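Peer 1: This is the structure I want to talk about, given as structure tokens.
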There are 2 protein chains.
Amino acid sequence: MKRICYSPIGVVHSEFKEKINVPIQSVFSSKKGIIEIFPEFVEGLNDLDGFSHIFLLYHFHLSKGISLKVKPYLDDVERGIFSTRAPKRPNNIGLSILGIEKIEGNKIFVSGIDIIDNTPVLDIKPYVSDFDYRQNAKNGWFSNKIDRKEYLSDNRFLD
Amino acid sequence: MKRICYSPIGVVHSEFKEKINVPIQSVFSSKKGIIEIFPEFVEGLNDLDGFSHIFLLYHFHLSKGISLKVKPYLDDVERGIFSTRAPKRPNNIGLSILGIEKIEGNKIFVSGIDIIDNTPVLDIKPYVSDFDYRQNAKNGWFSNKIDRKEYLSDNRFLD
């Protein structure tokens, strides 16, 4: 199948400048950040201020190479990449659910940021609880792995 | 910013052959489908069978053109594209949460399919309720729009 190409619609601003010591998921982050949307796309932000959360899709721009099996941050066992949220994916797309604090012009001020500074933004979608909640989901190898409120990235995906 | 290019990792098989009369979200679909992963990526599916749901990221391959304001299926008012889940996005990435029925070789048998046949697949991530549920989310213009169990696409995004 032929390649599919996208152009970023914006860029992430955050205090995380390196791949290490970044919250590994938004739910483990108490930090705020800014999603800057390029001026030509600002009209697309209309009506977003009525929502409390967004799905942000972005490109893991610092990820190097592809691994079909990885040891994800919450485990010491190799797992299939599609059963993890790790980088080194065949298509390096990241997904975060972020809180909207406010929107001013082309800037979305967000909470719960778990994304590295300067990450290119691909898309924004509203989080809609009627669409996006699955009761009684089975969480596979993640089950019983989460026993505290903060998890930060270590050095396992530096290279 | 420079363009970002991806190569599909697989393809969707579903009974929906056209853009019309497709469930507009997975929660409105009682239909099943198959996500076929290309053989070179099958190792990445390891451990996914422990999960009940996936995020599927895919390319809206039949979408034509870009609109920063659209009348989404559940409304008759123009909304900013980033406050909707409609196609015609600047980067035409679709996101569905699908149920896993079973995985056999390179095929994921899924429930709740809301995707057109032959759609290119970009990525698969496990849905993890500890990560992906936001209590008390504010659902913006979607609030009070959903009053039945089935919504199908009409002709508004045919061209």
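Labels for the structure tokens follow display order: chains A, B, ..., residues from 1 in each chain, ligands from 1.
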How would chain B read as a PDB file with C-alpha atoms, in the first residue's frame after a least-squares superposition onto chain A over every Cα atom, matched in order?

Peer 2:
ATOM      1  CA  MET B   1      -0.011  -0.006  -0.019  1.00  0.00           C
ATOM      2  CA  LYS B   2       1.215   3.463  -0.749  1.00  0.00           C
ATOM      3  CA  ARG B   3       2.559   5.867   1.816  1.00  0.00           C
ATOM      4  CA  ILE B   4       0.272   8.362   3.530  1.00  0.00           C
ATOM      5  CA  CYS B   5       1.720  11.790   4.279  1.00  0.00           C
ATOM      6  CA  TYR B   6       0.526  14.419   6.707  1.00  0.00           C
ATOM      7  CA  SER B   7       1.624  17.957   7.543  1.00  0.00           C
ATOM      8  CA  PRO B   8       1.623  19.005  11.203  1.00  0.00           C
ATOM      9  CA  ILE B   9      -1.190  21.368  12.233  1.00  0.00           C
ATOM     10  CA  GLY B  10       0.725  22.659  15.245  1.00  0.00           C
ATOM     11  CA  VAL B  11       3.330  22.002  17.888  1.00  0.00           C
ATOM     12  CA  VAL B  12       3.428  21.087  21.583  1.00  0.00           C
ATOM     13  CA  HIS B  13       5.056  23.349  24.148  1.00  0.00           C
ATOM     14  CA  SER B  14       5.960  21.609  27.402  1.00  0.00           C
ATOM     15  CA  GLU B  15       8.587  21.623  30.109  1.00  0.00           C
ATOM     16  CA  PHE B  16       9.785  18.170  29.056  1.00  0.00           C
ATOM     17  CA  LYS B  17      12.852  18.668  26.883  1.00  0.00           C
ATOM     18  CA  GLU B  18      14.214  15.107  26.850  1.00  0.00           C
ATOM     19  CA  LYS B  19      12.865  11.569  26.614  1.00  0.00           C
ATOM     20  CA  ILE B  20      13.713  10.747  30.222  1.00  0.00           C
ATOM     21  CA  ASN B  21      11.618  11.701  33.277  1.00  0.00           C
ATOM     22  CA  VAL B  22       8.441  12.400  31.309  1.00  0.00           C
ATOM     23  CA  PRO B  23       5.098  11.149  32.700  1.00  0.00           C
ATOM     24  CA  ILE B  24       4.391   7.966  30.763  1.00  0.00           C
ATOM     25  CA  GLN B  25       0.665   8.743  30.463  1.00  0.00           C
ATOM     26  CA  SER B  26      -1.453  11.840  30.886  1.00  0.00           C
ATOM     27  CA  VAL B  27      -3.152  10.379  33.988  1.00  0.00           C
ATOM     28  CA  PHE B  28       0.261  10.372  35.690  1.00  0.00           C
ATOM     29  CA  SER B  29       0.978  14.029  34.914  1.00  0.00           C
ATOM     30  CA  SER B  30       0.198  17.105  37.001  1.00  0.00           C
ATOM     31  CA  LYS B  31       1.912  19.388  34.480  1.00  0.00           C
ATOM     32  CA  LYS B  32       0.446  21.927  32.100  1.00  0.00           C
ATOM     33  CA  GLY B  33       1.425  22.762  28.554  1.00  0.00           C
ATOM     34  CA  ILE B  34       0.311  24.610  25.452  1.00  0.00           C
ATOM     35  CA  ILE B  35      -0.790  23.211  22.125  1.00  0.00           C
ATOM     36  CA  GLU B  36      -0.014  25.860  19.523  1.00  0.00           C
ATOM     37  CA  ILE B  37      -2.057  25.528  16.337  1.00  0.00           C
ATOM     38  CA  PHE B  38      -0.660  27.088  13.180  1.00  0.00           C
ATOM     39  CA  PRO B  39      -2.663  30.195  12.169  1.00  0.00           C
ATOM     40  CA  GLU B  40      -4.136  28.665   9.005  1.00  0.00           C
ATOM     41  CA  PHE B  41      -6.013  26.057  11.091  1.00  0.00           C
ATOM     42  CA  VAL B  42      -7.357  28.267  13.900  1.00  0.00           C
ATOM     43  CA  GLU B  43     -10.917  28.353  12.503  1.00  0.00           C
ATOM     44  CA  GLY B  44     -11.058  24.600  13.134  1.00  0.00           C
ATOM     45  CA  LEU B  45     -10.843  25.220  16.907  1.00  0.00           C
ATOM     46  CA  ASN B  46     -14.332  26.785  17.025  1.00  0.00           C
ATOM     47  CA  ASP B  47     -16.661  25.098  19.545  1.00  0.00           C
ATOM     48  CA  LEU B  48     -13.827  23.136  21.155  1.00  0.00           C
ATOM     49  CA  ASP B  49     -14.041  25.304  24.284  1.00  0.00           C
ATOM     50  CA  GLY B  50     -17.266  23.516  25.296  1.00  0.00           C
ATOM     51  CA  PHE B  51     -15.336  20.304  25.916  1.00  0.00           C
ATOM     52  CA  SER B  52     -13.266  19.406  28.955  1.00  0.00           C
ATOM     53  CA  HIS B  53     -10.861  16.992  27.215  1.00  0.00           C
ATOM     54  CA  ILE B  54      -9.277  16.300  23.839  1.00  0.00           C
ATOM     55  CA  PHE B  55      -7.605  13.410  22.112  1.00  0.00           C
ATOM     56  CA  LEU B  56      -4.319  14.759  20.829  1.00  0.00           C
ATOM     57  CA  LEU B  57      -2.653  12.820  18.008  1.00  0.00           C
ATOM     58  CA  TYR B  58       1.000  13.602  17.431  1.00  0.00           C
ATOM     59  CA  HIS B  59       4.231  12.285  15.952  1.00  0.00           C
ATOM     60  CA  PHE B  60       6.856  10.756  18.271  1.00  0.00           C
ATOM     61  CA  HIS B  61       9.517  12.877  16.601  1.00  0.00           C
ATOM     62  CA  LEU B  62      12.405  11.737  18.820  1.00  0.00           C
ATOM     63  CA  SER B  63      11.669   8.025  18.490  1.00  0.00           C
ATOM     64  CA  LYS B  64      14.404   6.099  16.694  1.00  0.00           C
ATOM     65  CA  GLY B  65      13.803   2.908  14.757  1.00  0.00           C
ATOM     66  CA  ILE B  66      11.026   0.344  14.957  1.00  0.00           C
ATOM     67  CA  SER B  67      10.697  -2.580  17.380  1.00  0.00           C
ATOM     68  CA  LEU B  68       7.820  -5.050  17.117  1.00  0.00           C
ATOM     69  CA  LYS B  69       8.589  -6.216  20.667  1.00  0.00           C
ATOM     70  CA  VAL B  70       9.483  -3.819  23.470  1.00  0.00           C
ATOM     71  CA  LYS B  71       9.832  -3.827  27.243  1.00  0.00           C
ATOM     72  CA  PRO B  72       7.296  -1.118  28.074  1.00  0.00           C
ATOM     73  CA  TYR B  73       7.767   1.231  31.030  1.00  0.00           C
ATOM     74  CA  LEU B  74       5.402  -0.664  33.311  1.00  0.00           C
ATOM     75  CA  ASP B  75       6.917  -4.089  32.665  1.00  0.00           C
ATOM     76  CA  ASP B  76      10.185  -6.020  32.392  1.00  0.00           C
ATOM     77  CA  VAL B  77       8.825  -8.519  29.894  1.00  0.00           C
ATOM     78  CA  GLU B  78       8.882  -8.022  26.128  1.00  0.00           C
ATOM     79  CA  ARG B  79       5.440  -7.277  24.746  1.00  0.00           C
ATOM     80  CA  GLY B  80       4.110  -6.909  21.222  1.00  0.00           C
ATOM     81  CA  ILE B  81       4.304  -3.220  20.318  1.00  0.00           C
ATOM     82  CA  PHE B  82       0.567  -3.059  19.513  1.00  0.00           C
ATOM     83  CA  SER B  83      -0.249  -4.193  23.070  1.00  0.00           C
ATOM     84  CA  THR B  84       1.724  -1.202  24.414  1.00  0.00           C
ATOM     85  CA  ARG B  85       1.632   2.575  24.173  1.00  0.00           C
ATOM     86  CA  ALA B  86       5.412   2.762  23.725  1.00  0.00           C
ATOM     87  CA  PRO B  87       7.289   4.596  20.950  1.00  0.00           C
ATOM     88  CA  LYS B  88       9.301   2.679  18.280  1.00  0.00           C
ATOM     89  CA  ARG B  89       5.989   1.892  16.566  1.00  0.00           C
ATOM     90  CA  PRO B  90       5.895   1.096  12.833  1.00  0.00           C
ATOM     91  CA  ASN B  91       3.944   4.357  12.485  1.00  0.00           C
ATOM     92  CA  ASN B  92       5.068   6.555  15.331  1.00  0.00           C
ATOM     93  CA  ILE B  93       1.749   8.158  16.247  1.00  0.00           C
ATOM     94  CA  GLY B  94       1.157   9.145  19.870  1.00  0.00           C
ATOM     95  CA  LEU B  95      -2.265   9.533  21.514  1.00  0.00           C
ATOM     96  CA  SER B  96      -2.925  11.509  24.707  1.00  0.00           C
ATOM     97  CA  ILE B  97      -6.142  12.546  26.409  1.00  0.00           C
ATOM     98  CA  LEU B  98      -5.513  16.045  27.763  1.00  0.00           C
ATOM     99  CA  GLY B  99      -7.612  18.430  29.832  1.00  0.00           C
ATOM    100  CA  ILE B 100      -8.577  21.772  28.303  1.00  0.00           C
ATOM    101  CA  GLU B 101      -7.902  24.657  30.699  1.00  0.00           C
ATOM    102  CA  LYS B 102      -8.689  27.447  28.228  1.00  0.00           C
ATOM    103  CA  ILE B 103      -8.339  28.329  24.562  1.00  0.00           C
ATOM    104  CA  GLU B 104      -6.945  31.717  23.498  1.00  0.00           C
ATOM    105  CA  GLY B 105      -6.548  32.392  19.804  1.00  0.00           C
ATOM    106  CA  ASN B 106      -4.355  29.651  18.404  1.00  0.00           C
ATOM    107  CA  LYS B 107      -3.300  28.269  21.792  1.00  0.00           C
ATOM    108  CA  ILE B 108      -4.953  25.479  23.759  1.00  0.00           C
ATOM    109  CA  PHE B 109      -3.793  25.531  27.378  1.00  0.00           C
ATOM    110  CA  VAL B 110      -3.872  21.918  28.566  1.00  0.00           C
ATOM    111  CA  SER B 111      -3.421  19.949  31.750  1.00  0.00           C
ATOM    112  CA  GLY B 112      -2.004  16.472  32.224  1.00  0.00           C
ATOM    113  CA  ILE B 113       0.671  16.870  29.594  1.00  0.00           C
ATOM    114  CA  ASP B 114       2.868  13.822  28.929  1.00  0.00           C
ATOM    115  CA  ILE B 115       4.450  15.002  25.683  1.00  0.00           C
ATOM    116  CA  ILE B 116       7.926  16.286  24.869  1.00  0.00           C
ATOM    117  CA  ASP B 117       8.469  19.913  23.855  1.00  0.00           C
ATOM    118  CA  ASN B 118       8.358  20.606  20.104  1.00  0.00           C
ATOM    119  CA  THR B 119       6.360  17.486  19.262  1.00  0.00           C
ATOM    120  CA  PRO B 120       4.484  17.951  15.952  1.00  0.00           C
ATOM    121  CA  VAL B 121       0.695  17.803  16.303  1.00  0.00           C
ATOM    122  CA  LEU B 122      -1.283  15.800  13.744  1.00  0.00           C
ATOM    123  CA  ASP B 123      -4.902  16.081  14.875  1.00  0.00           C
ATOM    124  CA  ILE B 124      -7.239  17.117  17.687  1.00  0.00           C
ATOM    125  CA  LYS B 125     -10.546  15.400  18.411  1.00  0.00           C
ATOM    126  CA  PRO B 126     -13.022  16.051  21.214  1.00  0.00           C
ATOM    127  CA  TYR B 127     -13.187  13.405  23.941  1.00  0.00           C
ATOM    128  CA  VAL B 128     -16.865  12.450  24.209  1.00  0.00           C
ATOM    129  CA  SER B 129     -17.721  10.230  27.141  1.00  0.00           C
ATOM    130  CA  ASP B 130     -20.766   8.807  25.332  1.00  0.00           C
ATOM    131  CA  PHE B 131     -18.425   7.551  22.596  1.00  0.00           C
ATOM    132  CA  ASP B 132     -15.181   6.841  24.371  1.00  0.00           C
ATOM    133  CA  TYR B 133     -15.832   4.994  27.595  1.00  0.00           C
ATOM    134  CA  ARG B 134     -15.881   1.209  27.723  1.00  0.00           C
ATOM    135  CA  GLN B 135     -17.155  -0.263  30.956  1.00  0.00           C
ATOM    136  CA  ASN B 136     -15.498  -3.397  32.285  1.00  0.00           C
ATOM    137  CA  ALA B 137     -12.620  -3.238  29.815  1.00  0.00           C
ATOM    138  CA  LYS B 138     -10.024  -5.997  30.182  1.00  0.00           C
ATOM    139  CA  ASN B 139      -6.631  -4.350  30.497  1.00  0.00           C
ATOM    140  CA  GLY B 140      -4.370  -7.285  29.565  1.00  0.00           C
ATOM    141  CA  TRP B 141      -0.803  -7.151  30.903  1.00  0.00           C
ATOM    142  CA  PHE B 142      -1.438  -3.689  32.429  1.00  0.00           C
ATOM    143  CA  SER B 143      -3.732  -5.274  35.042  1.00  0.00           C
ATOM    144  CA  ASN B 144      -2.352  -4.787  38.550  1.00  0.00           C
ATOM    145  CA  LYS B 145       0.691  -2.898  37.237  1.00  0.00           C
ATOM    146  CA  ILE B 146      -0.549   0.499  38.364  1.00  0.00           C
ATOM    147  CA  ASP B 147      -0.152   1.099  42.085  1.00  0.00           C
ATOM    148  CA  ARG B 148       0.916   4.719  42.382  1.00  0.00           C
ATOM    149  CA  LYS B 149       0.010   8.119  40.988  1.00  0.00           C
ATOM    150  CA  GLU B 150       3.178   8.990  39.135  1.00  0.00           C
ATOM    151  CA  TYR B 151       5.243   7.065  36.608  1.00  0.00           C
ATOM    152  CA  LEU B 152       8.056   8.742  34.692  1.00  0.00           C
ATOM    153  CA  SER B 153       9.950   7.481  31.671  1.00  0.00           C
ATOM    154  CA  ASP B 154      13.379   5.938  32.243  1.00  0.00           C
ATOM    155  CA  ASN B 155      16.200   5.351  29.784  1.00  0.00           C
ATOM    156  CA  ARG B 156      14.759   2.408  27.890  1.00  0.00           C
ATOM    157  CA  PHE B 157      13.779   4.221  24.694  1.00  0.00           C
ATOM    158  CA  LEU B 158      16.679   6.660  24.460  1.00  0.00           C
ATOM    159  CA  ASP B 159      18.278   4.954  21.433  1.00  0.00           C
TER     160      ASP B 159
END

Peer 1: Step one, run DSSP on the backbone; step two, keep only residues of chain B assigned to helix (DSSP H, G or I); then write them as a PyMOL selection string.

Peer 2: chain B and resi 26-28+39-45+48-50+81-83+129-132+140-142

Peer 1: Write the selection just made, keeping C-alpha atoms, as a PDB file, in the first residue's frame?

Peer 2:
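Result went into result-v4.pdb, see below:
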ATOM      1  CA  SER B  26     -18.380   2.435  17.187  1.00  0.00           C
ATOM      2  CA  VAL B  27     -20.872   2.707  20.077  1.00  0.00           C
ATOM      3  CA  PHE B  28     -23.660   2.893  17.481  1.00  0.00           C
ATOM      4  CA  PRO B  39       2.514 -10.341   7.756  1.00  0.00           C
ATOM      5  CA  GLU B  40       5.662  -8.337   8.524  1.00  0.00           C
ATOM      6  CA  PHE B  41       3.956  -6.745  11.562  1.00  0.00           C
ATOM      7  CA  VAL B  42       2.270  -9.814  13.086  1.00  0.00           C
ATOM      8  CA  GLU B  43       4.845 -10.180  15.890  1.00  0.00           C
ATOM      9  CA  GLY B  44       3.638  -6.809  17.188  1.00  0.00           C
ATOM     10  CA  LEU B  45       0.220  -8.337  17.995  1.00  0.00           C
ATOM     11  CA  LEU B  48      -2.972  -8.003  22.577  1.00  0.00           C
ATOM     12  CA  ASP B  49      -5.365 -10.910  23.175  1.00  0.00           C
ATOM     13  CA  GLY B  50      -5.454 -10.062  26.903  1.00  0.00           C
ATOM     14  CA  ILE B  81     -13.511  20.506  12.566  1.00  0.00           C
ATOM     15  CA  PHE B  82     -11.400  19.884  15.696  1.00  0.00           C
ATOM     16  CA  SER B  83     -14.568  19.889  17.835  1.00  0.00           C
ATOM     17  CA  SER B 129      -9.389   1.979  31.336  1.00  0.00           C
ATOM     18  CA  ASP B 130      -6.895   3.245  33.934  1.00  0.00           C
ATOM     19  CA  PHE B 131      -5.462   5.572  31.273  1.00  0.00           C
ATOM     20  CA  ASP B 132      -8.382   6.374  29.037  1.00  0.00           C
ATOM     21  CA  GLY B 140     -19.589  20.389  24.412  1.00  0.00           C
ATOM     22  CA  TRP B 141     -22.073  20.562  21.525  1.00  0.00           C
ATOM     23  CA  PHE B 142     -22.613  16.767  21.679  1.00  0.00           C
TER      24      PHE B 142
END

Peer 1: Pull the strand (DSSP E or B) assignments for segment 10-157 of chain A out of DSSP run on the backbone, and list those residues as number ranges by chain.

Peer 2: A: 10-13, 23, 32-37, 51, 53-59, 69-70, 79-80, 93-104, 107-111, 120-126, 139, 152

Peer 1: Deliver the residues from the most recent selection as a file, using C-alpha atoms, as an mmCIF file, in the first residue's frame.

Peer 2:
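Printed below is result.cif as written:
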data_model
loop_
_atom_site.group_PDB
_atom_site.id
_atom_site.type_symbol
_atom_site.label_atom_id
_atom_site.label_comp_id
_atom_site.auth_asym_id
_atom_site.auth_seq_id
_atom_site.Cartn_x
_atom_site.Cartn_y
_atom_site.Cartn_z
ATOM 1 C CA GLY A 10 0.734 22.669 15.232
ATOM 2 C CA VAL A 11 3.334 22.009 17.880
ATOM 3 C CA VAL A 12 3.429 21.088 21.576
ATOM 4 C CA HIS A 13 5.053 23.349 24.156
ATOM 5 C CA PRO A 23 5.099 11.149 32.693
ATOM 6 C CA LYS A 32 0.454 21.933 32.107
ATOM 7 C CA GLY A 33 1.426 22.766 28.576
ATOM 8 C CA ILE A 34 0.315 24.604 25.458
ATOM 9 C CA ILE A 35 -0.793 23.196 22.124
ATOM 10 C CA GLU A 36 -0.014 25.857 19.510
ATOM 11 C CA ILE A 37 -2.057 25.521 16.336
ATOM 12 C CA PHE A 51 -15.341 20.303 25.910
ATOM 13 C CA HIS A 53 -10.866 16.986 27.213
ATOM 14 C CA ILE A 54 -9.277 16.295 23.833
ATOM 15 C CA PHE A 55 -7.609 13.409 22.119
ATOM 16 C CA LEU A 56 -4.314 14.760 20.827
ATOM 17 C CA LEU A 57 -2.653 12.825 18.007
ATOM 18 C CA TYR A 58 1.006 13.611 17.436
ATOM 19 C CA HIS A 59 4.224 12.287 15.956
ATOM 20 C CA LYS A 69 8.587 -6.229 20.666
ATOM 21 C CA VAL A 70 9.493 -3.827 23.480
ATOM 22 C CA ARG A 79 5.437 -7.272 24.758
ATOM 23 C CA GLY A 80 4.117 -6.921 21.223
ATOM 24 C CA ILE A 93 1.749 8.168 16.247
ATOM 25 C CA GLY A 94 1.166 9.144 19.872
ATOM 26 C CA LEU A 95 -2.253 9.534 21.514
ATOM 27 C CA SER A 96 -2.927 11.505 24.713
ATOM 28 C CA ILE A 97 -6.141 12.542 26.406
ATOM 29 C CA LEU A 98 -5.502 16.040 27.761
ATOM 30 C CA GLY A 99 -7.619 18.427 29.834
ATOM 31 C CA ILE A 100 -8.573 21.776 28.302
ATOM 32 C CA GLU A 101 -7.882 24.649 30.698
ATOM 33 C CA LYS A 102 -8.670 27.448 28.234
ATOM 34 C CA ILE A 103 -8.335 28.318 24.559
ATOM 35 C CA GLU A 104 -6.945 31.705 23.493
ATOM 36 C CA LYS A 107 -3.302 28.263 21.791
ATOM 37 C CA ILE A 108 -4.943 25.463 23.763
ATOM 38 C CA PHE A 109 -3.783 25.527 27.385
ATOM 39 C CA VAL A 110 -3.860 21.921 28.568
ATOM 40 C CA SER A 111 -3.422 19.941 31.766
ATOM 41 C CA PRO A 120 4.492 17.944 15.949
ATOM 42 C CA VAL A 121 0.691 17.807 16.302
ATOM 43 C CA LEU A 122 -1.286 15.799 13.737
ATOM 44 C CA ASP A 123 -4.907 16.080 14.880
ATOM 45 C CA ILE A 124 -7.239 17.111 17.684
ATOM 46 C CA LYS A 125 -10.542 15.394 18.414
ATOM 47 C CA PRO A 126 -13.021 16.061 21.201
ATOM 48 C CA ASN A 139 -6.632 -4.351 30.508
ATOM 49 C CA LEU A 152 8.046 8.746 34.695
#
